[in-house]
Amino acid sequence: MRNSITKIRLIIRREYLSRVRKRSFILTTFLTPIGMLLLIIVPALLTSIGQSDKHIAVLDQSGYFQNGFPDKKQIYFKIENQPLDSLKAQLKAGQIDALLYIPTFELNRPQGIKLYSEKPLGMLTQDYINTQVNLITEQARVNAAHIDRATYDQLKIDVPIESIVMEQDQERRSSSGLAFGIGYVSAFLIYTLLLVYGMMVMRGVMEEKTNRIIEVMISAVKPFELMLGKIIGIGAVGITQFILWGALIMLFQFFAGLFFVGHFSSMPATSMNGINMEDKMYEMQQVITAFQQTNLTGIVLAVVFYFLGGYLLYASIFAAIGAATGDDGDSQAATFPVTAPIIISIFIMMQAVNDPDGKLAFWGSMIPLSSPIVMPARIPFGVPWWQLVLSMLFLVLGFLLFAWMAAKVYRTGILMYGKKTSFKEMWKWIRQG
Amino acid sequence: MSSTCLSIQAVSKKFENHTALNQINLQIESGTVFGLLGPNGAGKTTLIRCITQIIKPDSGQIYFQGHPLAPEDSYQVGYMPEERGLYKKMKVGEQLLYLAQLKNMSKSLATESINQLLERFEMQTWLNKRVEELSKGMQQKVQFIATIINKPPLLILDEPFTGLDPINAKVIQDEIENLRQQGCTIIFSTHRMEQVEEICSQIALINKGECILNGEVKAIRKQYKQNQFEVHFTGQLPSDLNSPFTCLTAEAGYLRIALQANQTSSDLLHWLLQYPIQIDQFAEMLPSIGEIFIQQVNHAQLHN
């Protein structure tokens, strides 16, 4: 027994180190978050860099806009009194970039405002113009109604509704939006990790088989030890990557925090689109309390548990498939029956976040093949403890059952060459082993 | 030293629809090189896998150094399979250390042994090279080192020389002899018959799961002798040679003769001496193991 553990440890060490030391591991670990970041930053950067100065002529026949528009970086307005046609000619000649034509209109029905340009103006510029027109029209309406601005701002409201879940004797604030988000993200995370690391296990087994190193290994260690060592070793690689990503995100948040603090403090805190900043703050506060009151530690623990359970279960199956097939061509077809339940689980999960206490959600989170994905999505909504315990118990039992079957297929499969293995045959190995 | 290293008793193994091994009995003495021969698919690999405990025989017993083969014995058996396998991305040193540790060697002992062996095979400079950077022959030497690293008392080598150039083949062959002198028992599986005669003292021929020939190389060749003699001589024999013997080949300076059951080699010598020739060489022609192999396999096929 001690001997066996020593060997499994050796195997885990090799499987772990040989992957973690690989250049590709280091690259994916550091480049994935950077890549994601770039995906967000680059388009924003490009739009701001790519923009040239825009000179916009405003022909205001309504009279509401005579005070003009506030200029913005790279967007300059000029109130004109020339006829529309001569302005259009200027536009054609390239003297101005755009022409905002505001005919006379009724305040109740602001219609007929046109923005002419030779080339498309770009989202940011158009948005800005639109916002400004709205604001000024709004102000004109406020004036026409003889209300003063402060009164109007006070009248404007976005009523917050707290949703509270009655749980035994406690009342817990909940935000189903937040639960939805957390559940969805955790489930997708587990889904991705199951596929990525499951496939990694399969490729590892296939490498050993096509390399024929398996014959040397098997004369020194038991097939089960080899399989277990490989699964745990690769699982550890996954956890390492996870931790590194977590650290990177925290690091990024820290630096981003330093960067943005300057930005926010210089922003006027009084009014933003007329909505009171305090209201916004209240909303934020609510989300934050919901966050705080959601049992985050519990959710993280559950996600880790379901990831580990699901990984162990699926990695066993992937290992068995890798052993029974061998070269890449075969395994492509053979993996389908394994990837299918994972993908079906994702569909069940999508239903489950909409109806976390429905029948589908319940059964999906009980069956060990789908529970690693469905249950983490349900947990943020609150799951009765007996369901949680039962689901975890089933997952552990399911893992043991599948690992036991996988070990049998693996043991026979790794020494079989040149023959295509059908599922019928694998079933026979399981029964006979 | 003539204790039995490995005793295989009535071992049978059936796969789904064919019998891979049928009542195999073999005795392998310690400190010998034992040749395991047989055409492809004869059951050699199955037998080897039974000895290395990769698979279990359906019936029969295998005794190792006097006791029934037990899981702990797996480190006592060094196995080099025909299909070579190494982790391609691993460095030679790491790989050898890993395999040695899996065979229950301590890290310090394994490192010492690795350095010694790499030095002996003049491969120290390869220690930090990845396996995929090595030539096939080099990989094979690494594999051989991995097999003998813990000095197991029983070595099973499946076609150890294929793919090696003559110089490296000699290095391995010398090492095999060296190990044998230190008391190591070697089971040597091959199709290369000339190597069998050169290296093995005992052989077993397996065909279709049955052991059809088993014993000492010399004894087997004697057993299958066809009473043929060859004579190299200088001088002239009369052209109208009226011999009481069956002459198979008669060339200038060379005769090949088959004796009848009632004739002896002395009779042949006596008869030759009456002629004015000088006999340079007089030898009994024993069939090579290769010839016996082909004859026996064909014979078995005819009988089925």
# chains A, B, ... in the order shown; residues from 1 in each chain; ligands from 1

call {"tool": "closest_atom_pairs", "arguments": {"of": "chain B", "to": "chain A", "cutoff": "10 Å", "atoms": "only C-alpha atoms", "output": "tab-separated table"}}
result
residue	atom	partner	partner_atom	distance
B:Arg49	CA	A:Ser219	CA	8.4
B:Ile51	CA	A:Ser219	CA	9.6
B:Thr52	CA	A:Ser219	CA	5.8
B:Gln53	CA	A:Ser219	CA	6.9
B:Ile54	CA	A:Ser219	CA	6.0
B:Ile55	CA	A:Thr412	CA	9.3
B:Pro71	CA	A:Lys222	CA	9.7
B:Glu72	CA	A:Ala220	CA	9.8
B:Asp73	CA	A:Ala220	CA	9.8
B:Ser74	CA	A:Ala220	CA	6.3
B:Tyr75	CA	A:Ala220	CA	6.5
B:Gln76	CA	A:Ala220	CA	9.8
B:Val77	CA	A:Ser219	CA	8.4
B:Gly78	CA	A:Ser219	CA	8.3
B:Tyr79	CA	A:Val216	CA	6.8
B:Met80	CA	A:Val216	CA	6.9
B:Pro81	CA	A:Glu215	CA	6.7
B:Glu82	CA	A:Arg212	CA	9.2
B:Glu83	CA	A:Arg212	CA	6.0
B:Arg84	CA	A:Arg212	CA	6.1
B:Gly85	CA	A:Ile213	CA	3.7
B:Leu86	CA	A:Ile213	CA	5.2
B:Tyr87	CA	A:Ile213	CA	7.0
B:Lys88	CA	A:Asn211	CA	8.3
B:Lys89	CA	A:Ser18	CA	8.1
B:Met90	CA	A:Ser18	CA	7.5
B:Glu94	CA	A:Arg14	CA	9.3
B:Gln95	CA	A:Arg14	CA	9.4
B:Tyr98	CA	A:Leu10	CA	7.5
B:Leu99	CA	A:Met217	CA	7.7
B:Ala100	CA	A:Ala220	CA	9.4
B:Gln101	CA	A:Leu10	CA	7.7
B:Leu102	CA	A:Lys7	CA	6.0
B:Lys103	CA	A:Ala220	CA	5.9
B:Asn104	CA	A:Asn3	CA	8.1
B:Gln143	CA	A:Val216	CA	9.3
B:Ala146	CA	A:Val216	CA	9.3
B:Thr147	CA	A:Val216	CA	8.5

call {"tool": "write_last_selection", "arguments": {"atoms": "N, CA and C atoms", "output": "mmCIF file, in the first residue's frame"}}
result
data_model
loop_
_atom_site.group_PDB
_atom_site.id
_atom_site.type_symbol
_atom_site.label_atom_id
_atom_site.label_comp_id
_atom_site.auth_asym_id
_atom_site.auth_seq_id
_atom_site.Cartn_x
_atom_site.Cartn_y
_atom_site.Cartn_z
ATOM 1 N N ARG B 49 4.552 -11.570 -21.196
ATOM 2 C CA ARG B 49 3.657 -10.749 -20.371
ATOM 3 C C ARG B 49 3.184 -11.508 -19.130
ATOM 4 N N ILE B 51 5.145 -13.647 -17.577
ATOM 5 C CA ILE B 51 6.303 -13.630 -16.676
ATOM 6 C C ILE B 51 6.449 -12.257 -16.015
ATOM 7 N N THR B 52 6.180 -11.193 -16.792
ATOM 8 C CA THR B 52 6.295 -9.842 -16.214
ATOM 9 C C THR B 52 5.034 -9.469 -15.441
ATOM 10 N N GLN B 53 4.078 -10.379 -15.370
ATOM 11 C CA GLN B 53 2.828 -10.192 -14.617
ATOM 12 C C GLN B 53 1.979 -9.060 -15.150
ATOM 13 N N ILE B 54 2.134 -8.781 -16.438
ATOM 14 C CA ILE B 54 1.222 -7.815 -17.049
ATOM 15 C C ILE B 54 -0.132 -8.493 -17.220
ATOM 16 N N ILE B 55 -0.120 -9.767 -17.582
ATOM 17 C CA ILE B 55 -1.367 -10.529 -17.620
ATOM 18 C C ILE B 55 -1.217 -11.796 -16.785
ATOM 19 N N PRO B 71 3.594 -10.345 -6.877
ATOM 20 C CA PRO B 71 3.674 -8.961 -7.391
ATOM 21 C C PRO B 71 4.996 -8.265 -7.052
ATOM 22 N N GLU B 72 5.568 -8.581 -5.855
ATOM 23 C CA GLU B 72 6.827 -7.901 -5.482
ATOM 24 C C GLU B 72 7.957 -8.273 -6.422
ATOM 25 N N ASP B 73 7.809 -9.414 -7.135
ATOM 26 C CA ASP B 73 8.889 -9.871 -8.001
ATOM 27 C C ASP B 73 9.018 -9.013 -9.257
ATOM 28 N N SER B 74 8.019 -8.141 -9.491
ATOM 29 C CA SER B 74 8.054 -7.424 -10.761
ATOM 30 C C SER B 74 9.305 -6.555 -10.896
ATOM 31 N N TYR B 75 9.877 -6.105 -9.752
ATOM 32 C CA TYR B 75 11.119 -5.311 -9.865
ATOM 33 C C TYR B 75 12.317 -6.182 -10.156
ATOM 34 N N GLN B 76 12.167 -7.497 -9.906
ATOM 35 C CA GLN B 76 13.277 -8.423 -10.120
ATOM 36 C C GLN B 76 13.374 -8.812 -11.584
ATOM 37 N N VAL B 77 12.379 -8.389 -12.352
ATOM 38 C CA VAL B 77 12.348 -8.741 -13.762
ATOM 39 C C VAL B 77 12.489 -7.470 -14.586
ATOM 40 N N GLY B 78 13.585 -7.382 -15.314
ATOM 41 C CA GLY B 78 13.754 -6.232 -16.198
ATOM 42 C C GLY B 78 13.257 -6.603 -17.585
ATOM 43 N N TYR B 79 12.347 -5.792 -18.108
ATOM 44 C CA TYR B 79 11.736 -6.165 -19.392
ATOM 45 C C TYR B 79 11.961 -5.058 -20.410
ATOM 46 N N MET B 80 12.506 -5.426 -21.544
ATOM 47 C CA MET B 80 12.670 -4.469 -22.626
ATOM 48 C C MET B 80 11.814 -4.953 -23.788
ATOM 49 N N PRO B 81 10.670 -4.334 -23.978
ATOM 50 C CA PRO B 81 9.748 -4.819 -25.013
ATOM 51 C C PRO B 81 10.279 -4.541 -26.422
ATOM 52 N N GLU B 82 9.725 -5.270 -27.346
ATOM 53 C CA GLU B 82 10.188 -5.119 -28.715
ATOM 54 C C GLU B 82 9.878 -3.716 -29.220
ATOM 55 N N GLU B 83 8.647 -3.272 -28.931
ATOM 56 C CA GLU B 83 8.295 -1.916 -29.323
ATOM 57 C C GLU B 83 8.866 -0.989 -28.274
ATOM 58 N N ARG B 84 9.823 -0.198 -28.655
ATOM 59 C CA ARG B 84 10.482 0.656 -27.670
ATOM 60 C C ARG B 84 9.592 1.817 -27.309
ATOM 61 N N GLY B 85 9.680 2.200 -26.080
ATOM 62 C CA GLY B 85 8.890 3.352 -25.666
ATOM 63 C C GLY B 85 9.612 4.190 -24.642
ATOM 64 N N LEU B 86 9.670 5.458 -24.919
ATOM 65 C CA LEU B 86 10.219 6.406 -23.957
ATOM 66 C C LEU B 86 9.369 7.658 -24.064
ATOM 67 N N TYR B 87 9.362 8.467 -23.008
ATOM 68 C CA TYR B 87 8.673 9.749 -23.102
ATOM 69 C C TYR B 87 9.546 10.686 -23.916
ATOM 70 N N LYS B 88 9.047 11.077 -25.065
ATOM 71 C CA LYS B 88 9.877 11.801 -26.027
ATOM 72 C C LYS B 88 10.346 13.156 -25.525
ATOM 73 N N LYS B 89 9.522 13.809 -24.719
ATOM 74 C CA LYS B 89 9.846 15.172 -24.314
ATOM 75 C C LYS B 89 10.734 15.206 -23.076
ATOM 76 N N MET B 90 10.940 14.037 -22.470
ATOM 77 C CA MET B 90 11.714 14.043 -21.225
ATOM 78 C C MET B 90 13.199 13.958 -21.524
ATOM 79 N N GLU B 94 16.329 12.460 -16.572
ATOM 80 C CA GLU B 94 15.045 12.473 -15.856
ATOM 81 C C GLU B 94 14.296 11.175 -16.081
ATOM 82 N N GLN B 95 14.296 10.759 -17.341
ATOM 83 C CA GLN B 95 13.558 9.572 -17.723
ATOM 84 C C GLN B 95 14.089 8.337 -17.006
ATOM 85 N N TYR B 98 13.211 8.495 -13.352
ATOM 86 C CA TYR B 98 11.784 8.195 -13.159
ATOM 87 C C TYR B 98 11.537 6.694 -13.200
ATOM 88 N N LEU B 99 12.048 6.049 -14.250
ATOM 89 C CA LEU B 99 11.812 4.616 -14.391
ATOM 90 C C LEU B 99 12.484 3.841 -13.254
ATOM 91 N N ALA B 100 13.673 4.297 -12.842
ATOM 92 C CA ALA B 100 14.380 3.608 -11.756
ATOM 93 C C ALA B 100 13.607 3.743 -10.452
ATOM 94 N N GLN B 101 13.069 4.951 -10.219
ATOM 95 C CA GLN B 101 12.315 5.158 -8.977
ATOM 96 C C GLN B 101 11.033 4.340 -8.960
ATOM 97 N N LEU B 102 10.429 4.182 -10.126
ATOM 98 C CA LEU B 102 9.229 3.344 -10.194
ATOM 99 C C LEU B 102 9.581 1.897 -9.884
ATOM 100 N N LYS B 103 10.859 1.537 -10.114
ATOM 101 C CA LYS B 103 11.293 0.183 -9.782
ATOM 102 C C LYS B 103 11.811 0.125 -8.359
ATOM 103 N N ASN B 104 11.366 1.074 -7.552
ATOM 104 C CA ASN B 104 11.669 1.060 -6.122
ATOM 105 C C ASN B 104 13.095 1.408 -5.756
ATOM 106 N N GLN B 143 16.968 2.854 -23.569
ATOM 107 C CA GLN B 143 15.972 1.875 -23.132
ATOM 108 C C GLN B 143 16.643 0.674 -22.457
ATOM 109 N N ALA B 146 17.664 1.650 -19.080
ATOM 110 C CA ALA B 146 16.489 1.696 -18.201
ATOM 111 C C ALA B 146 16.112 0.295 -17.732
ATOM 112 N N THR B 147 16.334 -0.700 -18.590
ATOM 113 C CA THR B 147 15.950 -2.068 -18.251
ATOM 114 C C THR B 147 16.878 -2.678 -17.209
#

call {"tool": "select_by_dssp", "arguments": {"residues": "segment 19-233 of chain A", "states": "alpha helix (DSSP H)", "output": "PyMOL selection string"}}
result
chain A and resi 19-20+23-49+84-93+123-144+149-155+176-211+213-220+223-233

call {"tool": "residues_around", "arguments": {"residues": "Lys136 of chain B", "least_positions_apart": "2", "cutoff": "12 Å", "atoms": "only C-alpha atoms", "output": "PyMOL selection string"}}
result
chain B and resi 83-86+88+131-134+138-143+161-165+168

call {"tool": "residues_around", "arguments": {"residues": "Ala324 of chain A", "least_positions_apart": "6", "cutoff": "12 Å", "atoms": "only C-alpha atoms", "output": "PyMOL selection string"}}
result
chain A and resi 202+205-206+209-210+317-318+330-331+334-335+406-427+429-430

call {"tool": "write_last_selection", "arguments": {"atoms": "N, CA and C atoms", "output": "mmCIF file, in the first residue's frame"}}
result
data_model
loop_
_atom_site.group_PDB
_atom_site.id
_atom_site.type_symbol
_atom_site.label_atom_id
_atom_site.label_comp_id
_atom_site.auth_asym_id
_atom_site.auth_seq_id
_atom_site.Cartn_x
_atom_site.Cartn_y
_atom_site.Cartn_z
ATOM 1 N N MET A 202 -6.827 12.316 -21.884
ATOM 2 C CA MET A 202 -6.968 11.354 -22.979
ATOM 3 C C MET A 202 -5.731 11.373 -23.872
ATOM 4 N N VAL A 205 -2.808 9.585 -22.209
ATOM 5 C CA VAL A 205 -2.912 8.123 -22.265
ATOM 6 C C VAL A 205 -2.571 7.632 -23.677
ATOM 7 N N MET A 206 -3.087 8.352 -24.674
ATOM 8 C CA MET A 206 -2.832 7.925 -26.052
ATOM 9 C C MET A 206 -1.359 8.021 -26.391
ATOM 10 N N LYS A 209 0.364 5.096 -25.103
ATOM 11 C CA LYS A 209 0.050 3.880 -25.851
ATOM 12 C C LYS A 209 0.759 3.868 -27.201
ATOM 13 N N THR A 210 0.678 4.956 -27.949
ATOM 14 C CA THR A 210 1.314 4.952 -29.275
ATOM 15 C C THR A 210 2.833 4.934 -29.150
ATOM 16 N N ILE A 317 -13.244 8.518 -17.585
ATOM 17 C CA ILE A 317 -13.830 8.055 -18.835
ATOM 18 C C ILE A 317 -12.906 8.412 -20.000
ATOM 19 N N PHE A 318 -12.385 9.628 -19.979
ATOM 20 C CA PHE A 318 -11.481 10.034 -21.057
ATOM 21 C C PHE A 318 -10.248 9.130 -21.092
ATOM 22 N N ASP A 330 -9.352 7.673 -34.481
ATOM 23 C CA ASP A 330 -10.385 6.884 -33.807
ATOM 24 C C ASP A 330 -11.020 7.649 -32.668
ATOM 25 N N SER A 331 -10.154 8.296 -31.903
ATOM 26 C CA SER A 331 -10.632 8.851 -30.645
ATOM 27 C C SER A 331 -11.587 10.018 -30.890
ATOM 28 N N ALA A 334 -14.734 8.489 -30.909
ATOM 29 C CA ALA A 334 -15.014 7.827 -29.643
ATOM 30 C C ALA A 334 -15.288 8.823 -28.521
ATOM 31 N N THR A 335 -14.764 10.050 -28.640
ATOM 32 C CA THR A 335 -14.987 11.003 -27.558
ATOM 33 C C THR A 335 -16.410 11.540 -27.573
ATOM 34 N N ALA A 406 -13.675 2.366 -15.719
ATOM 35 C CA ALA A 406 -12.628 2.902 -16.580
ATOM 36 C C ALA A 406 -11.330 2.134 -16.383
ATOM 37 N N ALA A 407 -11.036 1.783 -15.123
ATOM 38 C CA ALA A 407 -9.800 1.059 -14.841
ATOM 39 C C ALA A 407 -9.763 -0.254 -15.604
ATOM 40 N N LYS A 408 -10.930 -0.891 -15.700
ATOM 41 C CA LYS A 408 -10.973 -2.182 -16.405
ATOM 42 C C LYS A 408 -10.757 -2.004 -17.897
ATOM 43 N N VAL A 409 -11.417 -1.008 -18.451
ATOM 44 C CA VAL A 409 -11.233 -0.755 -19.885
ATOM 45 C C VAL A 409 -9.789 -0.354 -20.154
ATOM 46 N N TYR A 410 -9.284 0.503 -19.266
ATOM 47 C CA TYR A 410 -7.915 1.000 -19.408
ATOM 48 C C TYR A 410 -6.927 -0.158 -19.391
ATOM 49 N N ARG A 411 -7.081 -1.045 -18.396
ATOM 50 C CA ARG A 411 -6.146 -2.146 -18.210
ATOM 51 C C ARG A 411 -6.062 -3.014 -19.455
ATOM 52 N N THR A 412 -7.206 -3.319 -20.025
ATOM 53 C CA THR A 412 -7.208 -4.179 -21.215
ATOM 54 C C THR A 412 -6.799 -3.381 -22.444
ATOM 55 N N GLY A 413 -7.319 -2.163 -22.515
ATOM 56 C CA GLY A 413 -7.148 -1.368 -23.723
ATOM 57 C C GLY A 413 -5.718 -0.983 -24.024
ATOM 58 N N ILE A 414 -4.954 -0.621 -22.991
ATOM 59 C CA ILE A 414 -3.623 -0.097 -23.264
ATOM 60 C C ILE A 414 -2.704 -1.125 -23.902
ATOM 61 N N LEU A 415 -3.025 -2.407 -23.757
ATOM 62 C CA LEU A 415 -2.136 -3.415 -24.339
ATOM 63 C C LEU A 415 -2.657 -3.948 -25.668
ATOM 64 N N MET A 416 -3.768 -3.390 -26.147
ATOM 65 C CA MET A 416 -4.366 -3.855 -27.391
ATOM 66 C C MET A 416 -3.886 -2.974 -28.528
ATOM 67 N N TYR A 417 -3.412 -3.598 -29.555
ATOM 68 C CA TYR A 417 -2.968 -2.796 -30.687
ATOM 69 C C TYR A 417 -3.631 -3.244 -31.975
ATOM 70 N N GLY A 418 -3.739 -2.311 -32.881
ATOM 71 C CA GLY A 418 -4.138 -2.636 -34.251
ATOM 72 C C GLY A 418 -5.594 -3.013 -34.413
ATOM 73 N N LYS A 419 -6.337 -3.011 -33.306
ATOM 74 C CA LYS A 419 -7.728 -3.403 -33.459
ATOM 75 C C LYS A 419 -8.602 -2.243 -33.037
ATOM 76 N N LYS A 420 -9.614 -1.991 -33.799
ATOM 77 C CA LYS A 420 -10.551 -0.945 -33.423
ATOM 78 C C LYS A 420 -11.443 -1.474 -32.314
ATOM 79 N N THR A 421 -11.586 -0.671 -31.289
ATOM 80 C CA THR A 421 -12.367 -1.146 -30.158
ATOM 81 C C THR A 421 -13.762 -0.547 -30.204
ATOM 82 N N SER A 422 -14.749 -1.413 -30.166
ATOM 83 C CA SER A 422 -16.120 -0.908 -30.158
ATOM 84 C C SER A 422 -16.568 -0.748 -28.709
ATOM 85 N N PHE A 423 -17.658 -0.013 -28.537
ATOM 86 C CA PHE A 423 -18.162 0.174 -27.183
ATOM 87 C C PHE A 423 -18.680 -1.134 -26.607
ATOM 88 N N LYS A 424 -19.142 -1.984 -27.522
ATOM 89 C CA LYS A 424 -19.620 -3.286 -27.085
ATOM 90 C C LYS A 424 -18.474 -4.063 -26.442
ATOM 91 N N GLU A 425 -17.335 -3.952 -27.112
ATOM 92 C CA GLU A 425 -16.167 -4.667 -26.609
ATOM 93 C C GLU A 425 -15.723 -4.122 -25.253
ATOM 94 N N MET A 426 -15.755 -2.778 -25.142
ATOM 95 C CA MET A 426 -15.369 -2.171 -23.865
ATOM 96 C C MET A 426 -16.277 -2.662 -22.744
ATOM 97 N N TRP A 427 -17.555 -2.764 -23.057
ATOM 98 C CA TRP A 427 -18.526 -3.238 -22.077
ATOM 99 C C TRP A 427 -18.176 -4.651 -21.635
ATOM 100 N N TRP A 429 -15.170 -5.909 -21.612
ATOM 101 C CA TRP A 429 -13.990 -5.832 -20.724
ATOM 102 C C TRP A 429 -14.415 -5.481 -19.311
ATOM 103 N N ILE A 430 -15.411 -4.585 -19.221
ATOM 104 C CA ILE A 430 -15.860 -4.161 -17.900
ATOM 105 C C ILE A 430 -16.469 -5.347 -17.155
#

call {"tool": "residues_around", "arguments": {"residues": "Ile199 of chain B", "least_positions_apart": "5", "cutoff": "12 Å", "atoms": "only C-alpha atoms", "output": "PyMOL selection string"}}
result
chain B and resi 32-36+170+172-177+180+186-190+192-194+216-217

call {"tool": "select_by_dssp", "arguments": {"residues": "segment 105-303 of chain B", "states": "strand (DSSP E or B)", "output": "ChimeraX atom specification"}}
result
/B:130,154-158,185-189,202-207,210-216,228-234,246-251,254-258,278-285

call {"tool": "residues_around", "arguments": {"residues": "segment 231-235 of chain B", "least_positions_apart": "4", "cutoff": "6 Å", "atoms": "only C-alpha atoms", "output": "PyMOL selection string"}}
result
chain B and resi 253-255+277-282

call {"tool": "closest_residue", "arguments": {"among": "B:Gly41, B:Glu197, B:Leu259, B:Val171", "to": "Ala219 of chain B", "atoms": "only C-alpha atoms"}}
result
B:Glu197

call {"tool": "residues_around", "arguments": {"residues": "Leu248 of chain B", "least_positions_apart": "3", "cutoff": "9 Å", "atoms": "only C-alpha atoms", "output": "PDB file with N, CA and C atoms, in the first residue's frame"}}
result
ATOM      1  N   LEU B 255      34.165 -32.277 -50.114  1.00  0.00           N
ATOM      2  CA  LEU B 255      33.178 -33.373 -50.209  1.00  0.00           C
ATOM      3  C   LEU B 255      32.124 -33.186 -49.134  1.00  0.00           C
ATOM      4  N   ARG B 256      30.883 -33.507 -49.479  1.00  0.00           N
ATOM      5  CA  ARG B 256      29.836 -33.515 -48.459  1.00  0.00           C
ATOM      6  C   ARG B 256      29.161 -34.870 -48.552  1.00  0.00           C
ATOM      7  N   ILE B 257      29.164 -35.570 -47.431  1.00  0.00           N
ATOM      8  CA  ILE B 257      28.761 -36.975 -47.468  1.00  0.00           C
ATOM      9  C   ILE B 257      27.734 -37.269 -46.388  1.00  0.00           C
ATOM     10  N   ALA B 258      26.743 -38.065 -46.780  1.00  0.00           N
ATOM     11  CA  ALA B 258      25.754 -38.506 -45.808  1.00  0.00           C
ATOM     12  C   ALA B 258      26.021 -39.950 -45.442  1.00  0.00           C
TER      13      ALA B 258
END

call {"tool": "closest_residue", "arguments": {"among": "B:Gln274, B:Gln9, B:Ser201, B:Ser108", "to": "Gln61 of chain B", "atoms": "only C-alpha atoms"}}
result
B:Gln9
